[in-house]
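K.L.:
Structure: target_18.txt, compact mmCIF, C-alpha atoms and all ligand atoms.
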# COMPACT_ATOMS: atom_id res chain seq x y z
CA MET K 1 151.02 144.71 80.70
CA SER K 2 153.33 147.46 79.63
CA HIS K 3 152.01 150.70 78.17
CA LEU K 4 152.12 151.58 74.54
CA THR K 5 155.00 153.86 73.67
CA ASP K 6 155.36 156.13 70.67
CA SER K 7 158.38 154.16 69.52
CA LEU K 8 156.41 150.93 69.55
CA ALA K 9 153.63 152.49 67.49
CA THR K 10 156.26 153.80 65.10
CA ARG K 11 157.82 150.36 64.72
CA CYS K 12 154.44 148.78 64.07
CA LEU K 13 153.56 151.23 61.30
CA LEU K 14 157.05 151.40 59.81
CA LEU K 15 157.52 147.64 59.65
CA GLY K 16 154.11 147.38 58.00
CA ALA K 17 155.27 149.90 55.40
CA ILE K 18 158.50 147.92 54.94
CA GLY K 19 156.56 144.68 54.35
CA ASP K 20 154.32 146.56 51.94
CA ALA K 21 157.27 148.02 50.01
CA LEU K 22 159.01 144.62 49.97
CA GLY K 23 156.00 142.96 48.38
CA ALA K 24 155.04 145.80 46.04
CA PRO K 25 157.35 144.95 43.09
CA ILE K 26 156.28 141.27 43.11
CA GLU K 27 152.54 141.60 43.84
CA PHE K 28 151.54 140.34 40.42
CA ASN K 29 154.30 137.70 40.00
CA LYS K 30 154.09 133.95 40.43
CA ALA K 31 156.02 132.29 43.25
CA GLU K 32 158.15 130.23 40.83
CA TYR K 33 159.21 133.40 39.01
CA ILE K 34 160.00 135.18 42.27
CA GLU K 35 162.13 132.29 43.53
CA ARG K 36 163.98 131.94 40.23
CA THR K 37 164.61 135.67 39.92
CA TYR K 38 165.33 136.74 43.49
CA GLY K 39 165.92 133.53 45.46
CA VAL K 40 164.56 132.33 48.78
CA GLU K 41 166.85 134.54 50.86
CA PRO K 42 165.69 138.10 51.50
CA PRO K 43 167.20 140.77 49.25
CA GLU K 44 169.94 143.02 50.66
CA ASP K 45 168.00 146.09 49.61
CA LEU K 46 164.39 146.96 50.27
CA ALA K 47 164.58 148.78 46.93
CA PHE K 48 165.57 145.55 45.16
CA GLU K 49 163.76 146.38 41.95
CA GLY K 50 164.83 149.95 41.39
CA PRO K 51 166.61 152.91 42.94
CA ALA K 52 165.95 153.83 46.57
CA PRO K 53 163.76 154.96 48.17
CA ALA K 54 161.54 151.89 48.17
CA ARG K 55 157.90 152.77 47.66
CA PHE K 56 154.97 151.52 49.68
CA THR K 57 151.49 151.10 48.22
CA ASP K 58 147.85 151.95 48.94
CA ASP K 59 147.98 149.69 52.02
CA THR K 60 150.29 152.06 53.87
CA GLN K 61 148.71 155.17 52.38
CA MET K 62 145.34 154.10 53.80
CA THR K 63 146.86 153.06 57.14
CA LEU K 64 148.27 156.59 57.53
CA PHE K 65 144.87 158.12 56.80
CA MET K 66 143.19 155.77 59.29
CA ALA K 67 145.73 156.82 61.94
CA GLU K 68 145.02 160.47 61.21
CA GLY K 69 141.25 159.94 61.37
CA LEU K 70 141.50 157.99 64.60
CA HIS K 71 143.54 160.76 66.22
CA ARG K 72 140.96 163.27 65.02
CA ALA K 73 138.18 161.20 66.61
CA LEU K 74 140.13 160.87 69.86
CA ASP K 75 140.88 164.62 69.95
CA ALA K 76 137.20 165.39 69.37
CA GLY K 77 136.23 163.01 72.18
CA VAL K 78 133.89 160.99 69.96
CA ALA K 79 135.81 157.73 69.65
CA GLY K 80 133.17 156.10 71.85
CA GLU K 81 130.21 157.39 69.83
CA ARG K 82 129.71 154.94 67.02
CA GLU K 83 128.08 157.12 64.36
CA ALA K 84 130.29 160.16 64.99
CA PHE K 85 133.34 157.89 64.92
CA ARG K 86 132.25 156.25 61.68
CA GLN K 87 131.64 159.64 60.06
CA ILE K 88 135.16 160.77 60.89
CA MET K 89 136.64 157.55 59.53
CA ALA K 90 134.53 157.92 56.37
CA ASP K 91 135.88 161.47 56.01
CA SER K 92 139.43 160.13 56.32
CA LEU K 93 138.74 157.53 53.63
CA VAL K 94 137.54 160.33 51.37
CA ASP K 95 140.71 162.27 52.23
CA TRP K 96 142.67 159.26 50.99
CA LEU K 97 140.50 159.18 47.85
CA ALA K 98 141.54 162.79 47.25
CA THR K 99 145.12 161.55 46.87
CA GLN K 100 143.95 159.23 44.11
CA ASP K 101 141.70 161.66 42.21
CA ARG K 102 142.47 165.35 41.81
CA ARG K 103 138.81 166.22 41.18
CA VAL K 104 137.91 164.88 44.61
CA LEU K 105 140.73 166.96 46.10
CA GLU K 106 139.31 170.10 44.49
CA GLU K 107 135.84 169.30 45.80
CA LEU K 108 136.92 168.97 49.43
CA GLU K 109 135.75 172.08 51.24
CA ASP K 110 138.33 172.30 53.99
CA SER K 111 141.75 170.86 54.38
CA ARG K 112 141.11 168.81 57.50
CA SER K 113 143.94 166.43 56.61
CA GLU K 114 147.57 167.26 57.29
CA LEU K 115 148.56 164.22 55.26
CA LEU K 116 147.18 165.79 52.09
CA LYS K 117 150.10 168.23 52.24
CA PHE K 118 152.52 165.42 51.40
CA GLU K 119 152.78 165.62 47.64
CA ASP K 120 154.33 162.12 47.53
CA LEU K 121 151.12 160.61 48.92
CA HIS K 122 149.24 161.81 45.85
CA LYS K 123 150.24 158.72 43.89
CA ARG K 124 148.23 155.80 42.62
CA ARG K 125 149.81 152.58 43.88
CA ALA K 126 147.42 149.93 42.61
CA PRO K 127 144.49 150.80 44.91
CA GLY K 128 141.74 148.19 45.24
CA ASN K 129 138.55 148.73 43.27
CA THR K 130 136.37 148.07 46.28
CA CYS K 131 138.10 150.80 48.28
CA LEU K 132 137.80 153.27 45.42
CA THR K 133 134.14 152.48 44.71
CA SER K 134 133.11 152.63 48.36
CA CYS K 135 134.97 155.90 48.92
CA TYR K 136 133.33 157.48 45.86
CA HIS K 137 129.96 156.33 47.25
CA MET K 138 130.63 158.15 50.53
CA HIS K 139 132.13 161.19 48.83
CA ARG K 140 128.97 161.60 46.77
CA GLY K 141 126.87 161.65 49.93
CA GLY K 142 125.76 158.03 49.94
CA HIS K 143 124.78 156.47 53.28
CA LEU K 144 127.57 155.12 55.44
CA PRO K 145 127.79 151.39 54.67
CA ASP K 146 127.10 149.17 57.66
CA VAL K 147 126.49 145.55 58.56
CA ASP K 148 122.76 146.05 57.98
CA ALA K 149 123.20 148.58 55.14
CA ARG K 150 125.68 146.89 52.85
CA ILE K 151 126.78 148.33 49.52
CA ASN K 152 128.79 145.32 48.33
CA ASP K 153 129.73 141.76 49.20
CA SER K 154 133.48 142.27 49.05
CA LYS K 155 135.90 140.49 51.32
CA GLY K 156 139.05 141.83 49.71
CA CYS K 157 141.89 142.54 52.13
CA GLY K 158 141.43 146.31 51.84
CA ALA K 159 139.89 146.60 55.31
CA ILE K 160 142.38 144.49 57.25
CA MET K 161 145.45 145.99 55.61
CA ARG K 162 144.66 149.47 56.99
CA SER K 163 143.55 148.45 60.50
CA ALA K 164 146.73 148.42 62.59
CA PRO K 165 146.14 151.93 64.06
CA PHE K 166 142.97 150.76 65.82
CA GLY K 167 144.96 148.25 67.83
CA LEU K 168 147.64 150.78 68.67
CA TRP K 169 145.45 153.48 70.19
CA ALA K 170 142.49 151.59 71.65
CA GLU K 171 142.02 151.22 75.39
CA SER K 172 141.01 147.58 75.17
CA ALA K 173 141.14 144.72 72.68
CA GLU K 174 137.36 144.93 72.50
CA GLN K 175 137.52 148.59 71.51
CA ALA K 176 140.21 147.85 68.89
CA PHE K 177 138.05 145.07 67.46
CA GLY K 178 134.97 147.32 67.37
CA TRP K 179 136.75 150.30 65.80
CA ALA K 180 138.26 148.14 63.05
CA LEU K 181 134.91 146.45 62.37
CA ASP K 182 133.02 149.76 62.26
CA SER K 183 135.49 151.38 59.90
CA GLY K 184 136.22 148.23 57.86
CA VAL K 185 132.58 147.78 56.88
CA LEU K 186 132.62 151.28 55.36
CA THR K 187 134.36 149.73 52.37
CA HIS K 188 134.10 145.93 52.72
CA CYS K 189 130.66 144.61 53.59
CA HIS K 190 131.35 140.85 53.56
CA PRO K 191 131.92 139.56 57.12
CA SER K 192 135.28 138.03 56.21
CA GLY K 193 136.36 141.46 54.93
CA TYR K 194 135.63 143.40 58.12
CA LEU K 195 135.96 140.62 60.75
CA SER K 196 139.48 139.76 59.60
CA GLY K 197 140.39 143.41 60.15
CA ALA K 198 138.75 143.40 63.57
CA TYR K 199 140.65 140.26 64.59
CA PHE K 200 143.91 141.79 63.36
CA ALA K 201 143.34 145.03 65.31
CA ALA K 202 142.69 143.04 68.50
CA MET K 203 145.97 141.18 67.88
CA ILE K 204 147.85 144.46 67.45
CA PHE K 205 146.34 145.74 70.70
CA GLU K 206 147.47 142.66 72.65
CA LEU K 207 150.93 142.33 71.09
CA ALA K 208 151.68 146.04 71.49
CA ARG K 209 151.04 145.66 75.22
CA GLY K 210 153.43 142.76 75.62
CA GLN K 211 150.98 139.89 75.43
CA ASP K 212 152.30 136.47 74.40
CA PHE K 213 151.31 135.61 70.78
CA ASP K 214 149.14 132.58 71.58
CA GLN K 215 147.43 134.38 74.43
CA ALA K 216 146.75 137.29 72.09
CA MET K 217 145.18 134.88 69.59
CA ALA K 218 143.03 133.34 72.32
CA ARG K 219 141.68 136.78 73.25
CA ALA K 220 141.02 137.71 69.63
CA ASP K 221 139.34 134.30 69.13
CA ALA K 222 136.94 135.08 71.97
CA LEU K 223 135.97 138.44 70.44
CA LEU K 224 135.49 136.85 67.02
CA ALA K 225 133.32 134.07 68.45
CA ARG K 226 130.71 136.65 69.55
CA GLU K 227 130.12 137.84 65.98
CA PRO K 228 127.62 136.43 63.49
CA GLU K 229 128.95 135.05 60.20
CA ALA K 230 132.43 134.54 61.63
CA GLN K 231 132.94 130.92 60.54
CA GLU K 232 135.09 131.64 57.50
CA THR K 233 137.45 133.91 59.41
CA GLN K 234 137.59 131.42 62.28
CA ALA K 235 138.50 128.63 59.86
CA ALA K 236 141.33 130.74 58.42
CA VAL K 237 142.68 131.46 61.91
CA GLU K 238 142.54 127.75 62.75
CA ALA K 239 144.41 126.90 59.54
CA ALA K 240 147.15 129.38 60.48
CA ARG K 241 147.38 127.82 63.93
CA ARG K 242 147.53 124.31 62.47
CA VAL K 243 150.37 124.92 60.01
CA THR K 244 152.47 126.58 62.73
CA ARG K 245 151.74 124.12 65.54
CA PHE K 246 155.38 122.97 65.69
CA GLY K 247 156.72 126.51 65.86
CA THR K 248 157.94 126.68 62.27
CA LEU K 249 156.41 127.62 58.94
CA SER K 250 157.47 126.14 55.60
CA PHE K 251 156.73 127.91 52.33
CA ASP K 252 154.65 124.93 51.17
CA ASP K 253 152.51 125.06 54.29
CA MET K 254 152.10 128.81 54.04
CA VAL K 255 150.66 128.69 50.54
CA THR K 256 147.94 126.28 51.69
CA LEU K 257 146.50 129.27 53.56
CA GLY K 258 145.66 131.04 50.30
CA GLU K 259 147.01 133.92 48.27
CA GLY K 260 145.91 136.71 50.56
CA TRP K 261 143.66 138.62 48.15
CA VAL K 262 140.76 138.25 50.57
CA GLY K 263 140.67 139.34 54.19
CA GLU K 264 140.68 135.99 55.95
CA GLU K 265 143.51 134.60 53.82
CA SER K 266 145.73 137.63 54.33
CA LEU K 267 145.05 137.35 58.07
CA ALA K 268 145.99 133.66 58.05
CA VAL K 269 149.25 134.21 56.15
CA ALA K 270 150.27 137.12 58.40
CA LEU K 271 149.41 135.24 61.61
CA ALA K 272 151.36 132.18 60.50
CA VAL K 273 154.42 134.24 59.59
CA ALA K 274 154.36 136.40 62.72
CA ARG K 275 153.74 133.44 65.06
CA THR K 276 156.86 131.66 63.83
CA ALA K 277 159.14 134.65 63.11
CA ASP K 278 162.46 135.04 64.89
CA ILE K 279 161.87 138.61 65.99
CA SER K 280 165.07 138.87 68.02
CA THR K 281 167.36 139.80 65.12
CA GLN K 282 167.25 141.94 62.00
CA ASP K 283 168.01 138.87 59.87
CA GLY K 284 165.18 136.93 61.50
CA ILE K 285 162.71 139.69 60.71
CA ARG K 286 163.99 140.12 57.15
CA GLU K 287 163.57 136.38 56.54
CA ALA K 288 160.04 136.40 57.97
CA LEU K 289 158.94 139.34 55.83
CA TRP K 290 160.45 137.84 52.68
CA LEU K 291 158.56 134.61 53.39
CA ALA K 292 155.38 136.67 53.83
CA VAL K 293 155.67 138.21 50.34
CA ARG K 294 157.29 135.67 48.00
CA HIS K 295 154.08 133.81 47.12
CA SER K 296 151.90 134.18 44.01
CA GLY K 297 149.26 136.33 45.71
CA ASP K 298 148.78 139.77 47.24
CA SER K 299 152.39 140.17 48.34
CA ASP K 300 152.31 143.78 49.47
CA SER K 301 149.25 143.28 51.67
CA THR K 302 150.44 140.10 53.38
CA GLY K 303 153.81 141.82 53.85
CA ALA K 304 152.15 144.89 55.36
CA ILE K 305 149.95 142.93 57.77
CA ALA K 306 152.75 140.60 58.88
CA GLY K 307 155.01 143.64 59.26
CA ASN K 308 152.50 145.40 61.51
CA LEU K 309 152.21 142.29 63.73
CA ILE K 310 155.97 141.81 64.02
CA GLY K 311 156.54 145.54 64.52
CA ALA K 312 154.15 145.44 67.48
CA MET K 313 156.39 142.82 69.13
CA CYS K 314 160.01 143.51 68.20
CA ALA K 315 162.66 145.64 69.86
CA ASP K 316 164.15 148.70 68.22
CA GLU K 317 167.50 146.93 67.60
CA ALA K 318 165.74 144.22 65.59
CA MET K 319 164.27 146.64 63.06
CA PRO K 320 166.06 145.94 59.73
CA ALA K 321 168.24 149.05 59.59
CA ARG K 322 169.23 149.00 55.93
CA TRP K 323 165.65 148.44 54.77
CA LEU K 324 164.42 151.20 57.06
CA GLU K 325 166.93 153.66 55.59
CA GLN K 326 165.61 152.93 52.12
CA LEU K 327 161.92 153.46 52.93
CA GLU K 328 160.29 156.54 51.44
CA MET K 329 158.40 159.27 53.33
CA ARG K 330 159.54 158.56 56.87
CA GLU K 331 158.27 161.98 57.97
CA ALA K 332 154.65 161.04 57.22
CA PHE K 333 154.83 158.41 59.96
CA GLU K 334 155.91 160.90 62.58
CA LEU K 335 152.78 162.91 61.82
CA SER K 336 150.64 159.80 62.30
CA ILE K 337 151.90 158.78 65.74
MG MG O 401 148.71 147.48 47.91
Please go through the file and, once you have read it, give me the structure as structure tokens.
Ligand SMILES: [Mg+2]

P.N.:
Amino acid sequence: MSHLTDSLATRCLLLGAIGDALGAPIEFNKAEYIERTYGVEPPEDLAFEGPAPARFTDDTQMTLFMAEGLHRALDAGVAGEREAFRQIMADSLVDWLATQDRRVLEELEDSRSELLKFEDLHKRRAPGNTCLTSCYHMHRGGHLPDVDARINDSKGCGAIMRSAPFGLWAESAEQAFGWALDSGVLTHCHPSGYLSGAYFAAMIFELARGQDFDQAMARADALLAREPEAQETQAAVEAARRVTRFGTLSFDDMVTLGEGWVGEESLAVALAVARTADISTQDGIREALWLAVRHSGDSDSTGAIAGNLIGAMCADEAMPARWLEQLEMREAFELSI
């Protein structure tokens, strides 16, 4: 297997942000409306609903904060110590919360986060209620949520959509899976919420190191099979495999996987899109990402997750150049690598 390079990590995070920004203007629209208004071909511009730059949402904001927290844990040498690791990730989630609530920002004692210096990150982009509520719980000194200390039963896609960094910087698929699980459960305590994120992080680990897509899925399957309460996530993965068994994905088949509001459905949609994407050309990737977002559900999140997966596989020349030029805040990604 090849080693992870900075440029590969950059592509993974940037293409996730592109998928997020592509889906953001149509997150709350029905598929019929999207098709009638914009068509089935991808738009020329990433900023197709307003002036450039195109804006990403809470999915990418939180991914950047997870990358920063993970680097902080690695620098401190505690990425292998579960509770210390979880505390740092909880702190990073509260850092993100500070971008959503100025009172929280004022209450933070030290400025441990470089990301907080980006004024453009201090924007509300339709953050999920579960993420907000869980982060407030931790900010107010509540216990760190865990598998045996749950604070909710949410399986929203807020854990998976921020989990790509764990796959990028882990030393094994098992570690990526564990990191994503341990930090996902801080906000989403339903197994399908945190296990979908763990599966996704293991996929990112494998794909970023040159593993074949089906082999990567087989390895992530094996990690998932060891977990209790994994049946729902396993069923979603199997559904994604089934609708793509001939190497293609139709829109009608994709929507049978669900709308992506919950973790296991967003995982299934992103897996199905990434498994069948033509990642060799910019047009192929643009078509795949447009397919990933033009449904009636959580378009920005399925776009972000599919974008992370494809970005972990594609070459630099296949990155959609025009869309990339129109993406906001490119400098924040350099800080996160
Ligand atoms: Mg979002």

K.L.:
Pull the closest atom pair for each residue of chain K that gets at most 12 Å from ligand MG 401 (chain O), along with the distance in Å to one decimal, counting only C-alpha atoms and all ligand atoms, ordering rows by chain and then ascending residue number, as JSON lines.

P.N.:
{"residue": "K:Gly16", "atom": "CA", "partner": "O:MG401", "partner_atom": "MG", "distance": 11.4}
{"residue": "K:Ala17", "atom": "CA", "partner": "O:MG401", "partner_atom": "MG", "distance": 10.2}
{"residue": "K:Gly19", "atom": "CA", "partner": "O:MG401", "partner_atom": "MG", "distance": 10.5}
{"residue": "K:Asp20", "atom": "CA", "partner": "O:MG401", "partner_atom": "MG", "distance": 7.0}
{"residue": "K:Ala21", "atom": "CA", "partner": "O:MG401", "partner_atom": "MG", "distance": 8.8}
{"residue": "K:Leu22", "atom": "CA", "partner": "O:MG401", "partner_atom": "MG", "distance": 10.9}
{"residue": "K:Gly23", "atom": "CA", "partner": "O:MG401", "partner_atom": "MG", "distance": 8.6}
{"residue": "K:Ala24", "atom": "CA", "partner": "O:MG401", "partner_atom": "MG", "distance": 6.8}
{"residue": "K:Pro25", "atom": "CA", "partner": "O:MG401", "partner_atom": "MG", "distance": 10.2}
{"residue": "K:Ile26", "atom": "CA", "partner": "O:MG401", "partner_atom": "MG", "distance": 10.9}
{"residue": "K:Glu27", "atom": "CA", "partner": "O:MG401", "partner_atom": "MG", "distance": 8.1}
{"residue": "K:Phe28", "atom": "CA", "partner": "O:MG401", "partner_atom": "MG", "distance": 10.7}
{"residue": "K:Arg55", "atom": "CA", "partner": "O:MG401", "partner_atom": "MG", "distance": 10.6}
{"residue": "K:Phe56", "atom": "CA", "partner": "O:MG401", "partner_atom": "MG", "distance": 7.7}
{"residue": "K:Thr57", "atom": "CA", "partner": "O:MG401", "partner_atom": "MG", "distance": 4.6}
{"residue": "K:Asp58", "atom": "CA", "partner": "O:MG401", "partner_atom": "MG", "distance": 4.7}
{"residue": "K:Asp59", "atom": "CA", "partner": "O:MG401", "partner_atom": "MG", "distance": 4.7}
{"residue": "K:Thr60", "atom": "CA", "partner": "O:MG401", "partner_atom": "MG", "distance": 7.7}
{"residue": "K:Gln61", "atom": "CA", "partner": "O:MG401", "partner_atom": "MG", "distance": 8.9}
{"residue": "K:Met62", "atom": "CA", "partner": "O:MG401", "partner_atom": "MG", "distance": 9.5}
{"residue": "K:Thr63", "atom": "CA", "partner": "O:MG401", "partner_atom": "MG", "distance": 10.9}
{"residue": "K:Arg124", "atom": "CA", "partner": "O:MG401", "partner_atom": "MG", "distance": 9.9}
{"residue": "K:Arg125", "atom": "CA", "partner": "O:MG401", "partner_atom": "MG", "distance": 6.6}
{"residue": "K:Ala126", "atom": "CA", "partner": "O:MG401", "partner_atom": "MG", "distance": 6.0}
{"residue": "K:Pro127", "atom": "CA", "partner": "O:MG401", "partner_atom": "MG", "distance": 6.2}
{"residue": "K:Gly128", "atom": "CA", "partner": "O:MG401", "partner_atom": "MG", "distance": 7.5}
{"residue": "K:Asn129", "atom": "CA", "partner": "O:MG401", "partner_atom": "MG", "distance": 11.2}
{"residue": "K:Cys131", "atom": "CA", "partner": "O:MG401", "partner_atom": "MG", "distance": 11.1}
{"residue": "K:Gly156", "atom": "CA", "partner": "O:MG401", "partner_atom": "MG", "distance": 11.3}
{"residue": "K:Cys157", "atom": "CA", "partner": "O:MG401", "partner_atom": "MG", "distance": 9.4}
{"residue": "K:Gly158", "atom": "CA", "partner": "O:MG401", "partner_atom": "MG", "distance": 8.4}
{"residue": "K:Ala159", "atom": "CA", "partner": "O:MG401", "partner_atom": "MG", "distance": 11.5}
{"residue": "K:Ile160", "atom": "CA", "partner": "O:MG401", "partner_atom": "MG", "distance": 11.7}
{"residue": "K:Met161", "atom": "CA", "partner": "O:MG401", "partner_atom": "MG", "distance": 8.5}
{"residue": "K:Arg162", "atom": "CA", "partner": "O:MG401", "partner_atom": "MG", "distance": 10.1}
{"residue": "K:Gly260", "atom": "CA", "partner": "O:MG401", "partner_atom": "MG", "distance": 11.4}
{"residue": "K:Trp261", "atom": "CA", "partner": "O:MG401", "partner_atom": "MG", "distance": 10.2}
{"residue": "K:Val293", "atom": "CA", "partner": "O:MG401", "partner_atom": "MG", "distance": 11.8}
{"residue": "K:Gly297", "atom": "CA", "partner": "O:MG401", "partner_atom": "MG", "distance": 11.4}
{"residue": "K:Asp298", "atom": "CA", "partner": "O:MG401", "partner_atom": "MG", "distance": 7.7}
{"residue": "K:Ser299", "atom": "CA", "partner": "O:MG401", "partner_atom": "MG", "distance": 8.2}
{"residue": "K:Asp300", "atom": "CA", "partner": "O:MG401", "partner_atom": "MG", "distance": 5.4}
{"residue": "K:Ser301", "atom": "CA", "partner": "O:MG401", "partner_atom": "MG", "distance": 5.7}
{"residue": "K:Thr302", "atom": "CA", "partner": "O:MG401", "partner_atom": "MG", "distance": 9.3}
{"residue": "K:Gly303", "atom": "CA", "partner": "O:MG401", "partner_atom": "MG", "distance": 9.7}
{"residue": "K:Ala304", "atom": "CA", "partner": "O:MG401", "partner_atom": "MG", "distance": 8.6}
{"residue": "K:Ile305", "atom": "CA", "partner": "O:MG401", "partner_atom": "MG", "distance": 10.9}

K.L.:
Find, counting only C-alpha atoms, the residue in K:Glu114, K:Glu106, K:Asp148, K:Asp182 that gets nearest to K:Glu81.

P.N.:
K:Asp182

K.L.:
Taking (144.0, 167.0, 62.7) as a centre in this file's frame and 7 Å as the limit, can you find every polymer residue with an atom that close, using all atoms listed in the file, and give them as JSON, numbers by chain?

P.N.:
{"K": [68, 72, 112, 113, 114]}

K.L.:
Could you please determine the separation between atom CA of K:Asp221 and atom CA of K:Gly197 in Å, to one decimal place?

P.N.:
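It comes out at 12.8 Å.
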
K.L.:
Name the closest residue to K:Glu287 among the candidates K:Ser250, K:Gln100, K:Ser183, K:Gln326; distances are taken between atoms, counting all atoms listed in the file.

P.N.:
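Closest candidate: K:Ser250.
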
K.L.:
Return the single residue from K:Leu327, K:Ala239, K:Met313, K:Ala180 that is closest to K:Leu267, with distances computed using all atoms listed in the file.

P.N.:
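Closest residue, counting all atoms listed in the file: K:Ala239.
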
K.L.:
For atom CA of K:Gly50 and atom CA of K:Val262, determine how far apart the two atoms are, in Å to one decimal place.

P.N.:
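Spanning atom CA of K:Gly50 to atom CA of K:Val262 is a straight-line distance of 28.3 Å.
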
K.L.:
Please determine an axis-aligned box that encloses all atoms of stretch 247-258 of chain K listed in the file, with 5 Å added on each side, and express its centre and edge lengths in Å to one decimal as JSON.

P.N.:
{"center_x": 151.8, "center_y": 128.0, "center_z": 58.1, "size_x": 22.3, "size_y": 16.1, "size_z": 25.6}

K.L.:
Compare K:Arg36, K:Lys123, K:His71, K:Arg241 by their minimum atom-to-atom distance to K:Phe166, counting only C-alpha atoms, and give me the closest one.

P.N.:
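The shortest atom-to-atom distance to K:Phe166 comes from K:His71.
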
K.L.:
Using only C-alpha atoms, which of the listed residues (K:Leu271, K:Leu70, K:Ala332, K:Ala173) sits closest to K:Leu224?

P.N.:
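Nearest to K:Leu224: K:Ala173.
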
K.L.:
Give me the residues near K:Arg275 as a PyMOL selection string, where near means some atom within 8 Å (using all atoms listed in the file) and where sequence neighbours in that chain fewer than 4 positions away do not count.

P.N.:
chain K and resi 213+244+247+271

K.L.:
Selection from above, C-alpha atoms, as a compact mmCIF listing (two decimals), keeping the file's coordinate frame, can you write it?

P.N.:
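For reference, again-v4.txt as written:
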# COMPACT_ATOMS: atom_id res chain seq x y z
CA PHE K 213 151.31 135.61 70.78
CA THR K 244 152.47 126.58 62.73
CA GLY K 247 156.72 126.51 65.86
CA LEU K 271 149.41 135.24 61.61

K.L.:
With distances taken over only C-alpha atoms, which of K:Gly80, K:Gly284, K:Gly69, K:Gly311 is nearest to K:Gly210?

P.N.:
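Ranked by minimum distance to K:Gly210, first place goes to K:Gly311.
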
K.L.:
Between atom CA of K:Leu144 and atom CA of K:Ala235, what is the distance, to one decimal in Å?

P.N.:
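That distance, rounded to one decimal, is 29.0 Å.
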
K.L.:
Name the residues in contact with K:Pro145 at a cut-off of 12 Å, using all atoms listed in the file, excluding same-chain residues fewer than 2 positions from it; report them as number ranges by chain.

P.N.:
K: 83, 86-87, 89-90, 133-135, 137-138, 141-143, 147-153, 181-190, 194
